[in-house]
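Engineer: If you scroll down you'll find the structure; I have some questions about it.
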Amino acid sequence: MGRERKSNPRKMRPQFLVLCGGETEEAYINFLKQRYRLPIKIVSKIIGSNISQRLIKKHKEELSGNPSEIKTFLMYDGDVPEVLDSLKKCDGIMLISKPCIEIWFISHYKKAPETELASEACVKQLCSIAGWEQYKKAVLTIKQQDSLWDNRMTAVTNMQNKTEVNKTYSTIYQFINILEEEKKKS
C-alpha cells in the first residue's frame, strides 16, 4: 500500500492585461514585465476612442484562466477628454498620465509641476534631466530603465496625492503598487 501524498495546490499568479495607446507605454510595460517577472499581456496601439468593453472582453478571453480573475489596466495619456470619456465606460483600472507618460518619468526625479503642460513641453522637461538628454519616444535605454527602476518608489510618492483635478498627474503609481504587492507574494 503506497503512501498518500499530500500536496498543496499551487496558487495561480494573477494575470495582468494592459491596454495602451502608444509605443512608449508599450516599451514601459515591457520593461516592467521583465523586471517584475509577472505575466503581463500588453495590447498596444489601441486608439483610446476605439476602446470598448467588448474589445477588453475579447482580449481577456485570449488569456488562459478565468477572465474574471484577470486584472485589467488601461494606460493612456490624459490630454484628450474624449479618450477619457471612452475609458470611463470600460471595466479596468485607468492608468492615466496628463499630459503624457513622460510626466510619470519626470516624477521619478522630482515632483510634477503644478502648471498646465503640453505634451511637447513635458518631453522637453524630461530631456533636461541627466540621462534623458537623448530621449526618444518609444525607446527606453538600459540606463534609463535602470534609473526608472531605482526611482520607481520616488515616483509613487510624488504622484500618489495627485488626481485628475491637478493640471499634471499620473495614476501609474497604482499599477506599481499592485506589482510590488505581487512581487512580495512570490
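Chain labels follow the order of the C-alpha cells: the first chain is A, the next B, and so on; residue numbering restarts at 1 in every chain, and ligands are counted from 1 in their shown order.
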Would you pick out the contacts of stretch 164-179 of chain A at 9 Å or less, using only C-alpha atoms, so that residues sharing its chain but fewer than 4 positions from it are not included, and give the list as a VMD selection string?
Structural biologist: chain A and resid 32 36 38 73 75 77 to 78 93 to 101 103 to 104 107 112 to 117 152 to 153 155 to 157 159 to 160 183 to 184
Engineer: Within 10 Å of A:Thr24, counting only C-alpha atoms, which residues show up once you throw out same-chain ones fewer than 6 positions away? Write them as an mmCIF file with N, CA and C atoms, in the first residue's frame, please.
Structural biologist:
```cif
data_model
loop_
_atom_site.group_PDB
_atom_site.id
_atom_site.type_symbol
_atom_site.label_atom_id
_atom_site.label_comp_id
_atom_site.auth_asym_id
_atom_site.auth_seq_id
_atom_site.Cartn_x
_atom_site.Cartn_y
_atom_site.Cartn_z
ATOM 1 N N ASN A 30 6.654 46.651 -21.115
ATOM 2 C CA ASN A 30 7.584 45.542 -21.387
ATOM 3 C C ASN A 30 8.746 45.558 -20.396
ATOM 4 N N SER A 44 -1.227 46.911 -27.445
ATOM 5 C CA SER A 44 -0.895 48.313 -27.677
ATOM 6 C C SER A 44 -1.508 48.847 -28.966
ATOM 7 N N CYS A 100 1.020 63.387 -20.641
ATOM 8 C CA CYS A 100 1.515 62.186 -21.327
ATOM 9 C C CYS A 100 2.351 61.361 -20.353
ATOM 10 N N ILE A 101 2.767 60.165 -20.767
ATOM 11 C CA ILE A 101 3.508 59.260 -19.886
ATOM 12 C C ILE A 101 4.829 59.867 -19.412
ATOM 13 N N GLU A 102 5.352 60.808 -20.167
ATOM 14 C CA GLU A 102 6.623 61.414 -19.766
ATOM 15 C C GLU A 102 6.517 62.140 -18.424
ATOM 16 N N LYS A 136 14.044 59.526 -26.824
ATOM 17 C CA LYS A 136 13.171 59.416 -27.998
ATOM 18 C C LYS A 136 11.954 58.607 -27.572
ATOM 19 N N LYS A 137 10.784 59.054 -27.985
ATOM 20 C CA LYS A 137 9.560 58.332 -27.647
ATOM 21 C C LYS A 137 9.670 56.882 -28.120
ATOM 22 N N ALA A 138 9.093 55.982 -27.364
ATOM 23 C CA ALA A 138 9.028 54.550 -27.672
ATOM 24 C C ALA A 138 10.344 53.815 -27.435
ATOM 25 N N VAL A 139 11.370 54.519 -26.939
ATOM 26 C CA VAL A 139 12.656 53.870 -26.692
ATOM 27 C C VAL A 139 13.115 54.209 -25.282
ATOM 28 N N LEU A 140 13.414 53.182 -24.504
ATOM 29 C CA LEU A 140 13.995 53.378 -23.178
ATOM 30 C C LEU A 140 15.348 52.671 -23.171
#
```
Engineer: Set the distance at 10 Å and use only C-alpha atoms: which residues neighbour A:Leu55 once local chain neighbours fewer than 5 positions away are removed? I'd like the list as a list of chain:residue names.
Structural biologist: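 Within the cut-off, the hits are A:Leu19, A:Ile46, A:Asn50, A:Lys60, A:Cys90.
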Engineer: Name the residues in contact with A:Ser147 at a cut-off of 12 Å, using only C-alpha atoms, excluding same-chain residues fewer than 3 positions from it; report them as a list of chain:residue names.
Structural biologist: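 The neighbour list is A:Phe31, A:Phe105, A:Ile106, A:Ser107, A:His108, A:Tyr109, A:Ile129, A:Ala130, A:Gly131, A:Trp132, A:Leu140, A:Thr141, A:Ile142, A:Lys143, A:Gln144, A:Asp150, A:Asn151, A:Arg152, A:Met153, A:Thr154, A:Ala155.
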Engineer: I need the chosen residues saved as a compact mmCIF listing (two decimals), in the first residue's frame, with N, CA, C and O atoms.
Structural biologist:
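To be explicit, this is the file written out as selection_18.txt:
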```
# COMPACT_ATOMS: atom_id res chain seq x y z
N PHE A 31 9.25 46.75 -20.11
CA PHE A 31 10.33 46.90 -19.14
C PHE A 31 9.86 46.41 -17.76
O PHE A 31 10.57 45.65 -17.08
N PHE A 105 7.56 59.67 -16.00
CA PHE A 105 9.02 59.52 -15.97
C PHE A 105 9.66 60.66 -15.18
O PHE A 105 10.57 60.42 -14.39
N ILE A 106 9.19 61.87 -15.37
CA ILE A 106 9.72 63.04 -14.64
C ILE A 106 9.55 62.83 -13.14
O ILE A 106 10.44 63.17 -12.36
N SER A 107 8.42 62.25 -12.74
CA SER A 107 8.14 62.09 -11.30
C SER A 107 9.11 61.13 -10.61
O SER A 107 9.15 61.07 -9.39
N HIS A 108 9.92 60.43 -11.36
CA HIS A 108 10.95 59.56 -10.77
C HIS A 108 12.09 60.39 -10.19
O HIS A 108 12.90 59.88 -9.41
N TYR A 109 12.15 61.67 -10.57
CA TYR A 109 13.26 62.53 -10.17
C TYR A 109 12.83 63.76 -9.38
O TYR A 109 13.61 64.30 -8.61
N ILE A 129 16.61 66.39 -17.80
CA ILE A 129 17.07 65.57 -16.67
C ILE A 129 18.27 64.75 -17.11
O ILE A 129 18.27 64.17 -18.21
N ALA A 130 19.28 64.70 -16.27
CA ALA A 130 20.51 63.94 -16.58
C ALA A 130 20.16 62.50 -16.95
O ALA A 130 19.41 61.83 -16.25
N GLY A 131 20.73 62.04 -18.06
CA GLY A 131 20.49 60.68 -18.54
C GLY A 131 19.33 60.60 -19.54
O GLY A 131 19.13 59.57 -20.19
N TRP A 132 18.58 61.67 -19.67
CA TRP A 132 17.42 61.68 -20.57
C TRP A 132 17.60 62.67 -21.73
O TRP A 132 16.67 62.89 -22.50
N LEU A 140 13.41 53.18 -24.50
CA LEU A 140 14.00 53.38 -23.18
C LEU A 140 15.35 52.67 -23.17
O LEU A 140 15.42 51.45 -23.33
N THR A 141 16.42 53.45 -23.01
CA THR A 141 17.75 52.86 -22.98
C THR A 141 17.91 52.05 -21.70
O THR A 141 17.14 52.20 -20.75
N ILE A 142 18.94 51.23 -21.66
CA ILE A 142 19.22 50.42 -20.46
C ILE A 142 19.45 51.34 -19.26
O ILE A 142 18.93 51.08 -18.17
N LYS A 143 20.21 52.42 -19.44
CA LYS A 143 20.47 53.34 -18.33
C LYS A 143 19.17 54.00 -17.87
O LYS A 143 18.97 54.19 -16.67
N GLN A 144 18.31 54.37 -18.80
CA GLN A 144 17.02 54.97 -18.43
C GLN A 144 16.16 53.95 -17.69
O GLN A 144 15.53 54.28 -16.68
N ASP A 150 15.23 52.09 -10.26
CA ASP A 150 15.78 52.53 -8.97
C ASP A 150 14.94 53.61 -8.30
O ASP A 150 14.93 53.70 -7.07
N ASN A 151 14.23 54.40 -9.09
CA ASN A 151 13.47 55.54 -8.56
C ASN A 151 11.96 55.34 -8.61
O ASN A 151 11.20 56.30 -8.42
N ARG A 152 11.49 54.11 -8.84
CA ARG A 152 10.06 53.89 -9.01
C ARG A 152 9.24 54.26 -7.78
O ARG A 152 8.14 54.80 -7.89
N MET A 153 9.77 54.00 -6.59
CA MET A 153 9.00 54.32 -5.39
C MET A 153 9.00 55.83 -5.11
O MET A 153 8.06 56.34 -4.50
N THR A 154 10.02 56.53 -5.57
CA THR A 154 10.01 58.00 -5.50
C THR A 154 8.87 58.53 -6.37
O THR A 154 8.14 59.43 -5.96
N ALA A 155 8.71 57.94 -7.55
CA ALA A 155 7.63 58.35 -8.45
C ALA A 155 6.27 58.08 -7.80
O ALA A 155 5.36 58.92 -7.89
```
Engineer: Which of these, A:Leu74, A:Ala118, A:Ile47, A:Cys127, has the shortest distance to A:Leu87 once you count only C-alpha atoms?
Structural biologist: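 Checking each of A:Leu74, A:Ala118, A:Ile47, A:Cys127 against A:Leu87, counting only C-alpha atoms, the winner is A:Leu74.
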Engineer: May I ask for the distance between atom CA of A:Arg35 and atom CA of A:Asn158, given in Å to one decimal place?
Structural biologist: 21.3 Å
Engineer: Which residues in chain A does DSSP call strand (DSSP E)? List them as an NGL selection string.
Structural biologist: :A and (15-20 or 40-43 or 70-77 or 93-98 or 169-170)
Engineer: Which of these residues is nearest to A:Tyr28, using only C-alpha atoms: A:Thr163, A:Gln145, A:Lys185, A:Leu126?
Structural biologist: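 Smallest distance to A:Tyr28 is found for A:Gln145.
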Engineer: What's around A:Ile42 at 9 Å? Count only C-alpha atoms, leave out sequence neighbours fewer than 2 positions away in its own chain, and write the answer as an mmCIF file with N, CA, C and O atoms, in the first residue's frame.
Structural biologist:
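Written file, result14.cif:
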```cif
data_model
loop_
_atom_site.group_PDB
_atom_site.id
_atom_site.type_symbol
_atom_site.label_atom_id
_atom_site.label_comp_id
_atom_site.auth_asym_id
_atom_site.auth_seq_id
_atom_site.Cartn_x
_atom_site.Cartn_y
_atom_site.Cartn_z
ATOM 1 N N PHE A 16 -2.175 39.872 -15.722
ATOM 2 C CA PHE A 16 -2.423 41.280 -15.949
ATOM 3 C C PHE A 16 -2.595 41.527 -17.442
ATOM 4 O O PHE A 16 -1.817 41.029 -18.250
ATOM 5 N N LEU A 17 -3.610 42.287 -17.763
ATOM 6 C CA LEU A 17 -3.862 42.701 -19.142
ATOM 7 C C LEU A 17 -3.764 44.214 -19.167
ATOM 8 O O LEU A 17 -4.480 44.896 -18.427
ATOM 9 N N VAL A 18 -2.857 44.733 -19.983
ATOM 10 C CA VAL A 18 -2.681 46.179 -20.088
ATOM 11 C C VAL A 18 -2.952 46.603 -21.520
ATOM 12 O O VAL A 18 -2.266 46.162 -22.448
ATOM 13 N N LEU A 19 -3.972 47.420 -21.684
ATOM 14 C CA LEU A 19 -4.263 48.004 -22.992
ATOM 15 C C LEU A 19 -3.716 49.419 -22.983
ATOM 16 O O LEU A 19 -3.923 50.163 -22.011
ATOM 17 N N CYS A 20 -2.989 49.763 -24.030
ATOM 18 C CA CYS A 20 -2.375 51.089 -24.060
ATOM 19 C C CYS A 20 -2.441 51.675 -25.467
ATOM 20 O O CYS A 20 -2.642 50.964 -26.443
ATOM 21 N N GLU A 26 3.919 50.944 -24.316
ATOM 22 C CA GLU A 26 4.257 49.540 -24.560
ATOM 23 C C GLU A 26 5.692 49.238 -24.115
ATOM 24 O O GLU A 26 5.946 48.229 -23.450
ATOM 25 N N ILE A 29 5.776 49.170 -20.249
ATOM 26 C CA ILE A 29 5.157 47.965 -19.687
ATOM 27 C C ILE A 29 6.047 46.745 -19.939
ATOM 28 O O ILE A 29 6.201 45.888 -19.061
ATOM 29 N N ASN A 30 6.654 46.651 -21.115
ATOM 30 C CA ASN A 30 7.584 45.542 -21.387
ATOM 31 C C ASN A 30 8.746 45.558 -20.396
ATOM 32 O O ASN A 30 9.174 44.506 -19.907
ATOM 33 N N ILE A 40 2.249 39.563 -17.732
ATOM 34 C CA ILE A 40 1.567 40.774 -18.199
ATOM 35 C C ILE A 40 1.407 40.668 -19.706
ATOM 36 O O ILE A 40 2.391 40.525 -20.431
ATOM 37 N N SER A 44 -1.227 46.911 -27.445
ATOM 38 C CA SER A 44 -0.895 48.313 -27.677
ATOM 39 C C SER A 44 -1.508 48.847 -28.966
ATOM 40 O O SER A 44 -2.083 48.109 -29.750
#
```
Engineer: How far is it from atom CA of A:Glu61 to atom CA of A:Gly92, in Å with one decimal?
Structural biologist: 14.8 Å
